[in-house]
Amino acid sequence: MENRTSRLLRYPGDMEAESYLYTVGPLAEQFLLSIKNEGKIKAAYCKNCGRLFLPVRSFCTFCGKEVNELREIDQEGVVESFSKVKLDSFGKELKEPFYLAYIKFRNVEGGLLHKLGEVKEPKIGMKVKPVFKESKERIGSLEDILYFRPI
Ligand SMILES: [Zn+2]
């Protein structure tokens with residue numbers, strides 16, 4: 001059956017994606033290392049226009065300049081939206097449903113998607129802060145943040 005994708009030029013083959021190591025890029029590496037080593041969320045900072053970004057990005061979407069440094073930000077976030085997660089990615093019911101939230105930070109463009117914890121009923125506009133794993137357990141991942149809890 002022909003459809004739009006069947007008309008595309010294709011090359012059959014297997015990608016050995018799992019046999020390579022992929023880097024996250026210099027700025028995202030700094031971001032993950034600041035979580036691991038300092039227990040802090042930092043944002044990408046555009047030196048040209050002064051804007052901060054999360055997730056970190058290597059180019060400013062406002063002025064187009066390269067972004068190559070991180071700045072400390074207020075760790076207090078605000079829940080912009082949230083959703084209760086009841087099923088896993090296979091559609092199987094979770095024993096312990098949880099909340100995922102989109103969290104914004106003061107003066108930062110964008111935000112982070114992460115779990116909420118220690119909360120019964122989240123609310124839009126609720127102030128939250130990150131709860132990190134113990135420093136010896138951190139590996140340099142967003143999962144080093146266990147969840148965000150209400151302040
Ligand atoms: Zn800029």
# chains A, B, ... in the order shown; residues from 1 in each chain; ligands from 1
$ residues_near_ligand --ligand "ligand 1" --cutoff "9 Å" --atoms "only C-alpha atoms and all ligand atoms" --output "PDB file with C-alpha atoms, in the first residue's frame"
ATOM      1  CA  TYR A  45      22.562  31.865  29.966  1.00  0.00           C
ATOM      2  CA  CYS A  46      22.706  33.964  26.804  1.00  0.00           C
ATOM      3  CA  LYS A  47      25.462  36.565  27.301  1.00  0.00           C
ATOM      4  CA  ASN A  48      24.080  38.646  24.448  1.00  0.00           C
ATOM      5  CA  CYS A  49      20.494  39.195  25.578  1.00  0.00           C
ATOM      6  CA  GLY A  50      20.658  37.975  29.171  1.00  0.00           C
ATOM      7  CA  ARG A  51      17.974  35.319  28.866  1.00  0.00           C
ATOM      8  CA  LEU A  52      18.049  32.032  30.778  1.00  0.00           C
ATOM      9  CA  PHE A  59      21.734  28.687  20.810  1.00  0.00           C
ATOM     10  CA  CYS A  60      19.490  31.510  21.931  1.00  0.00           C
ATOM     11  CA  THR A  61      16.060  31.359  20.323  1.00  0.00           C
ATOM     12  CA  PHE A  62      15.640  35.117  20.803  1.00  0.00           C
ATOM     13  CA  CYS A  63      18.864  36.592  19.410  1.00  0.00           C
ATOM     14  CA  GLY A  64      20.391  33.550  17.656  1.00  0.00           C
ATOM     15  CA  LYS A  65      23.760  33.796  19.449  1.00  0.00           C
ATOM     16  CA  GLU A  66      25.676  30.830  20.785  1.00  0.00           C
ATOM     17  CA  VAL A  67      24.986  30.019  24.427  1.00  0.00           C
TER      18      VAL A  67
END
$ closest_atom_pairs --of "stretch 43-128 of chain A" --to "stretch 137-148 of chain A" --cutoff "9 Å" --atoms "only C-alpha atoms" --output "tab-separated table"
residue	atom	partner	partner_atom	distance
A:Gly77	CA	A:Phe148	CA	8.6
A:Ala101	CA	A:Phe148	CA	8.8
A:Ile103	CA	A:Phe148	CA	8.9
A:His114	CA	A:Tyr147	CA	6.5
A:Lys115	CA	A:Tyr147	CA	4.8
A:Leu116	CA	A:Phe148	CA	4.8
A:Gly117	CA	A:Tyr147	CA	5.5
A:Glu118	CA	A:Phe148	CA	8.3
A:Val128	CA	A:Phe148	CA	5.7
$ write_last_selection --atoms "C-alpha atoms" --output "short mmCIF file (atom, residue, chain, number, x, y, z; two decimals), in the first residue's frame"
data_model
loop_
_atom_site.label_atom_id
_atom_site.label_comp_id
_atom_site.auth_asym_id
_atom_site.auth_seq_id
_atom_site.Cartn_x
_atom_site.Cartn_y
_atom_site.Cartn_z
CA GLY A 77 9.73 26.51 40.83
CA ALA A 101 4.38 18.46 36.30
CA ILE A 103 7.71 23.39 36.33
CA HIS A 114 9.41 16.17 36.42
CA LYS A 115 7.61 14.18 39.09
CA LEU A 116 5.86 15.73 42.04
CA GLY A 117 6.22 14.12 45.46
CA GLU A 118 4.92 14.61 48.99
CA VAL A 128 7.82 23.56 44.61
#
$ atom_distance --atom1 "atom CA of A:Lys129" --atom2 "atom CA of A:Ile35"
13.6 Å
$ select_by_dssp --residues "chain A" --states "alpha helix (DSSP H)" --output "list in words"
Pro26, Leu27, Ala28, Glu29, Gln30, Phe31, Leu32, Leu33, Ser34, Ile35, Lys36, Asn37 and Glu38 of chain A
$ write_last_selection --atoms "C-alpha atoms" --output "PDB file, in the first residue's frame"
ATOM      1  CA  PRO A  26      29.080  20.414  26.443  1.00  0.00           C
ATOM      2  CA  LEU A  27      26.342  22.554  27.990  1.00  0.00           C
ATOM      3  CA  ALA A  28      24.031  19.690  28.933  1.00  0.00           C
ATOM      4  CA  GLU A  29      27.053  17.956  30.460  1.00  0.00           C
ATOM      5  CA  GLN A  30      27.684  21.000  32.683  1.00  0.00           C
ATOM      6  CA  PHE A  31      23.996  21.024  33.558  1.00  0.00           C
ATOM      7  CA  LEU A  32      24.029  17.354  34.586  1.00  0.00           C
ATOM      8  CA  LEU A  33      27.321  17.736  36.471  1.00  0.00           C
ATOM      9  CA  SER A  34      25.914  20.651  38.474  1.00  0.00           C
ATOM     10  CA  ILE A  35      23.016  18.408  39.479  1.00  0.00           C
ATOM     11  CA  LYS A  36      25.415  15.608  40.374  1.00  0.00           C
ATOM     12  CA  ASN A  37      28.144  17.583  42.134  1.00  0.00           C
ATOM     13  CA  GLU A  38      26.312  20.582  43.564  1.00  0.00           C
TER      14      GLU A  38
END
$ closest_residue --among "A:Pro55, A:Tyr20, A:Lys136, A:Arg149" --to "A:Leu100" --atoms "only C-alpha atoms"
A:Arg149
$ closest_residue --among "A:Leu21, A:Ile41, A:Leu112, A:Val119" --to "A:Phe132" --atoms "only C-alpha atoms"
A:Ile41
$ atom_distance --atom1 "atom CA of A:Lys42" --atom2 "atom CA of A:Glu121"
27.6 Å
$ atom_distance --atom1 "atom CA of A:Met126" --atom2 "atom CA of A:Glu96"
22.0 Å
$ decode --residues "stretch 51-82 of chain A" --atoms "N, CA and C atoms" --output "PDB file, in the first residue's frame"
ATOM      1  N   ARG A  51      19.056  36.252  28.557  1.00  0.00           N
ATOM      2  CA  ARG A  51      17.974  35.319  28.866  1.00  0.00           C
ATOM      3  C   ARG A  51      18.526  33.998  29.390  1.00  0.00           C
ATOM      4  N   LEU A  52      17.707  33.338  30.210  1.00  0.00           N
ATOM      5  CA  LEU A  52      18.049  32.032  30.778  1.00  0.00           C
ATOM      6  C   LEU A  52      17.122  30.987  30.176  1.00  0.00           C
ATOM      7  N   PHE A  53      17.646  29.768  29.972  1.00  0.00           N
ATOM      8  CA  PHE A  53      16.855  28.716  29.334  1.00  0.00           C
ATOM      9  C   PHE A  53      16.914  27.393  30.083  1.00  0.00           C
ATOM     10  N   LEU A  54      15.766  26.754  30.176  1.00  0.00           N
ATOM     11  CA  LEU A  54      15.660  25.358  30.577  1.00  0.00           C
ATOM     12  C   LEU A  54      14.653  24.714  29.649  1.00  0.00           C
ATOM     13  N   PRO A  55      14.913  23.499  29.175  1.00  0.00           N
ATOM     14  CA  PRO A  55      16.185  22.794  29.228  1.00  0.00           C
ATOM     15  C   PRO A  55      17.292  23.641  28.604  1.00  0.00           C
ATOM     16  N   VAL A  56      18.536  23.339  28.968  1.00  0.00           N
ATOM     17  CA  VAL A  56      19.648  24.112  28.445  1.00  0.00           C
ATOM     18  C   VAL A  56      19.704  23.956  26.927  1.00  0.00           C
ATOM     19  N   ARG A  57      20.129  25.020  26.253  1.00  0.00           N
ATOM     20  CA  ARG A  57      20.247  25.000  24.791  1.00  0.00           C
ATOM     21  C   ARG A  57      21.509  25.742  24.395  1.00  0.00           C
ATOM     22  N   SER A  58      22.069  25.343  23.257  1.00  0.00           N
ATOM     23  CA  SER A  58      23.348  25.905  22.822  1.00  0.00           C
ATOM     24  C   SER A  58      23.209  27.164  21.982  1.00  0.00           C
ATOM     25  N   PHE A  59      21.972  27.457  21.567  1.00  0.00           N
ATOM     26  CA  PHE A  59      21.734  28.687  20.810  1.00  0.00           C
ATOM     27  C   PHE A  59      20.512  29.394  21.365  1.00  0.00           C
ATOM     28  N   CYS A  60      20.596  30.703  21.410  1.00  0.00           N
ATOM     29  CA  CYS A  60      19.490  31.510  21.931  1.00  0.00           C
ATOM     30  C   CYS A  60      18.395  31.604  20.877  1.00  0.00           C
ATOM     31  N   THR A  61      17.169  31.293  21.271  1.00  0.00           N
ATOM     32  CA  THR A  61      16.060  31.359  20.323  1.00  0.00           C
ATOM     33  C   THR A  61      15.573  32.790  20.128  1.00  0.00           C
ATOM     34  N   PHE A  62      16.061  33.722  20.939  1.00  0.00           N
ATOM     35  CA  PHE A  62      15.640  35.117  20.803  1.00  0.00           C
ATOM     36  C   PHE A  62      16.593  35.914  19.922  1.00  0.00           C
ATOM     37  N   CYS A  63      17.921  35.773  20.182  1.00  0.00           N
ATOM     38  CA  CYS A  63      18.864  36.592  19.410  1.00  0.00           C
ATOM     39  C   CYS A  63      19.744  35.746  18.475  1.00  0.00           C
ATOM     40  N   GLY A  64      19.659  34.419  18.576  1.00  0.00           N
ATOM     41  CA  GLY A  64      20.391  33.550  17.656  1.00  0.00           C
ATOM     42  C   GLY A  64      21.857  33.339  17.996  1.00  0.00           C
ATOM     43  N   LYS A  65      22.338  33.938  19.095  1.00  0.00           N
ATOM     44  CA  LYS A  65      23.760  33.796  19.449  1.00  0.00           C
ATOM     45  C   LYS A  65      24.014  32.455  20.148  1.00  0.00           C
ATOM     46  N   GLU A  66      25.286  32.062  20.098  1.00  0.00           N
ATOM     47  CA  GLU A  66      25.676  30.830  20.785  1.00  0.00           C
ATOM     48  C   GLU A  66      25.551  31.030  22.299  1.00  0.00           C
ATOM     49  N   VAL A  67      25.096  29.998  22.968  1.00  0.00           N
ATOM     50  CA  VAL A  67      24.986  30.019  24.427  1.00  0.00           C
ATOM     51  C   VAL A  67      25.964  28.985  24.957  1.00  0.00           C
ATOM     52  N   ASN A  68      26.894  29.421  25.823  1.00  0.00           N
ATOM     53  CA  ASN A  68      27.897  28.460  26.282  1.00  0.00           C
ATOM     54  C   ASN A  68      28.200  28.548  27.775  1.00  0.00           C
ATOM     55  N   GLU A  69      27.273  29.114  28.531  1.00  0.00           N
ATOM     56  CA  GLU A  69      27.493  29.071  29.976  1.00  0.00           C
ATOM     57  C   GLU A  69      26.188  28.900  30.733  1.00  0.00           C
ATOM     58  N   LEU A  70      26.351  28.423  31.952  1.00  0.00           N
ATOM     59  CA  LEU A  70      25.203  28.226  32.833  1.00  0.00           C
ATOM     60  C   LEU A  70      25.239  29.259  33.936  1.00  0.00           C
ATOM     61  N   ARG A  71      24.088  29.579  34.457  1.00  0.00           N
ATOM     62  CA  ARG A  71      23.983  30.483  35.608  1.00  0.00           C
ATOM     63  C   ARG A  71      23.123  29.828  36.673  1.00  0.00           C
ATOM     64  N   GLU A  72      23.409  30.181  37.914  1.00  0.00           N
ATOM     65  CA  GLU A  72      22.567  29.698  39.003  1.00  0.00           C
ATOM     66  C   GLU A  72      21.207  30.371  38.906  1.00  0.00           C
ATOM     67  N   ILE A  73      20.179  29.641  39.262  1.00  0.00           N
ATOM     68  CA  ILE A  73      18.822  30.198  39.264  1.00  0.00           C
ATOM     69  C   ILE A  73      18.180  29.900  40.611  1.00  0.00           C
ATOM     70  N   ASP A  74      17.111  30.613  40.897  1.00  0.00           N
ATOM     71  CA  ASP A  74      16.320  30.328  42.084  1.00  0.00           C
ATOM     72  C   ASP A  74      15.776  28.902  41.938  1.00  0.00           C
ATOM     73  N   GLN A  75      16.025  28.061  42.942  1.00  0.00           N
ATOM     74  CA  GLN A  75      15.615  26.656  42.862  1.00  0.00           C
ATOM     75  C   GLN A  75      14.111  26.479  43.085  1.00  0.00           C
ATOM     76  N   GLU A  76      13.462  27.561  43.495  1.00  0.00           N
ATOM     77  CA  GLU A  76      12.022  27.481  43.695  1.00  0.00           C
ATOM     78  C   GLU A  76      11.319  27.535  42.343  1.00  0.00           C
ATOM     79  N   GLY A  77      10.477  26.545  42.078  1.00  0.00           N
ATOM     80  CA  GLY A  77       9.734  26.510  40.827  1.00  0.00           C
ATOM     81  C   GLY A  77       8.253  26.657  41.078  1.00  0.00           C
ATOM     82  N   VAL A  78       7.516  26.828  39.988  1.00  0.00           N
ATOM     83  CA  VAL A  78       6.062  26.947  40.067  1.00  0.00           C
ATOM     84  C   VAL A  78       5.452  25.924  39.110  1.00  0.00           C
ATOM     85  N   VAL A  79       4.455  25.183  39.598  1.00  0.00           N
ATOM     86  CA  VAL A  79       3.776  24.198  38.754  1.00  0.00           C
ATOM     87  C   VAL A  79       2.912  24.940  37.729  1.00  0.00           C
ATOM     88  N   GLU A  80       3.268  24.745  36.459  1.00  0.00           N
ATOM     89  CA  GLU A  80       2.521  25.404  35.379  1.00  0.00           C
ATOM     90  C   GLU A  80       1.375  24.506  34.903  1.00  0.00           C
ATOM     91  N   SER A  81       1.620  23.193  34.883  1.00  0.00           N
ATOM     92  CA  SER A  81       0.567  22.231  34.561  1.00  0.00           C
ATOM     93  C   SER A  81       0.989  20.890  35.135  1.00  0.00           C
ATOM     94  N   PHE A  82       0.039  19.988  35.266  1.00  0.00           N
ATOM     95  CA  PHE A  82       0.391  18.665  35.796  1.00  0.00           C
ATOM     96  C   PHE A  82      -0.581  17.633  35.271  1.00  0.00           C
TER      97      PHE A  82
END
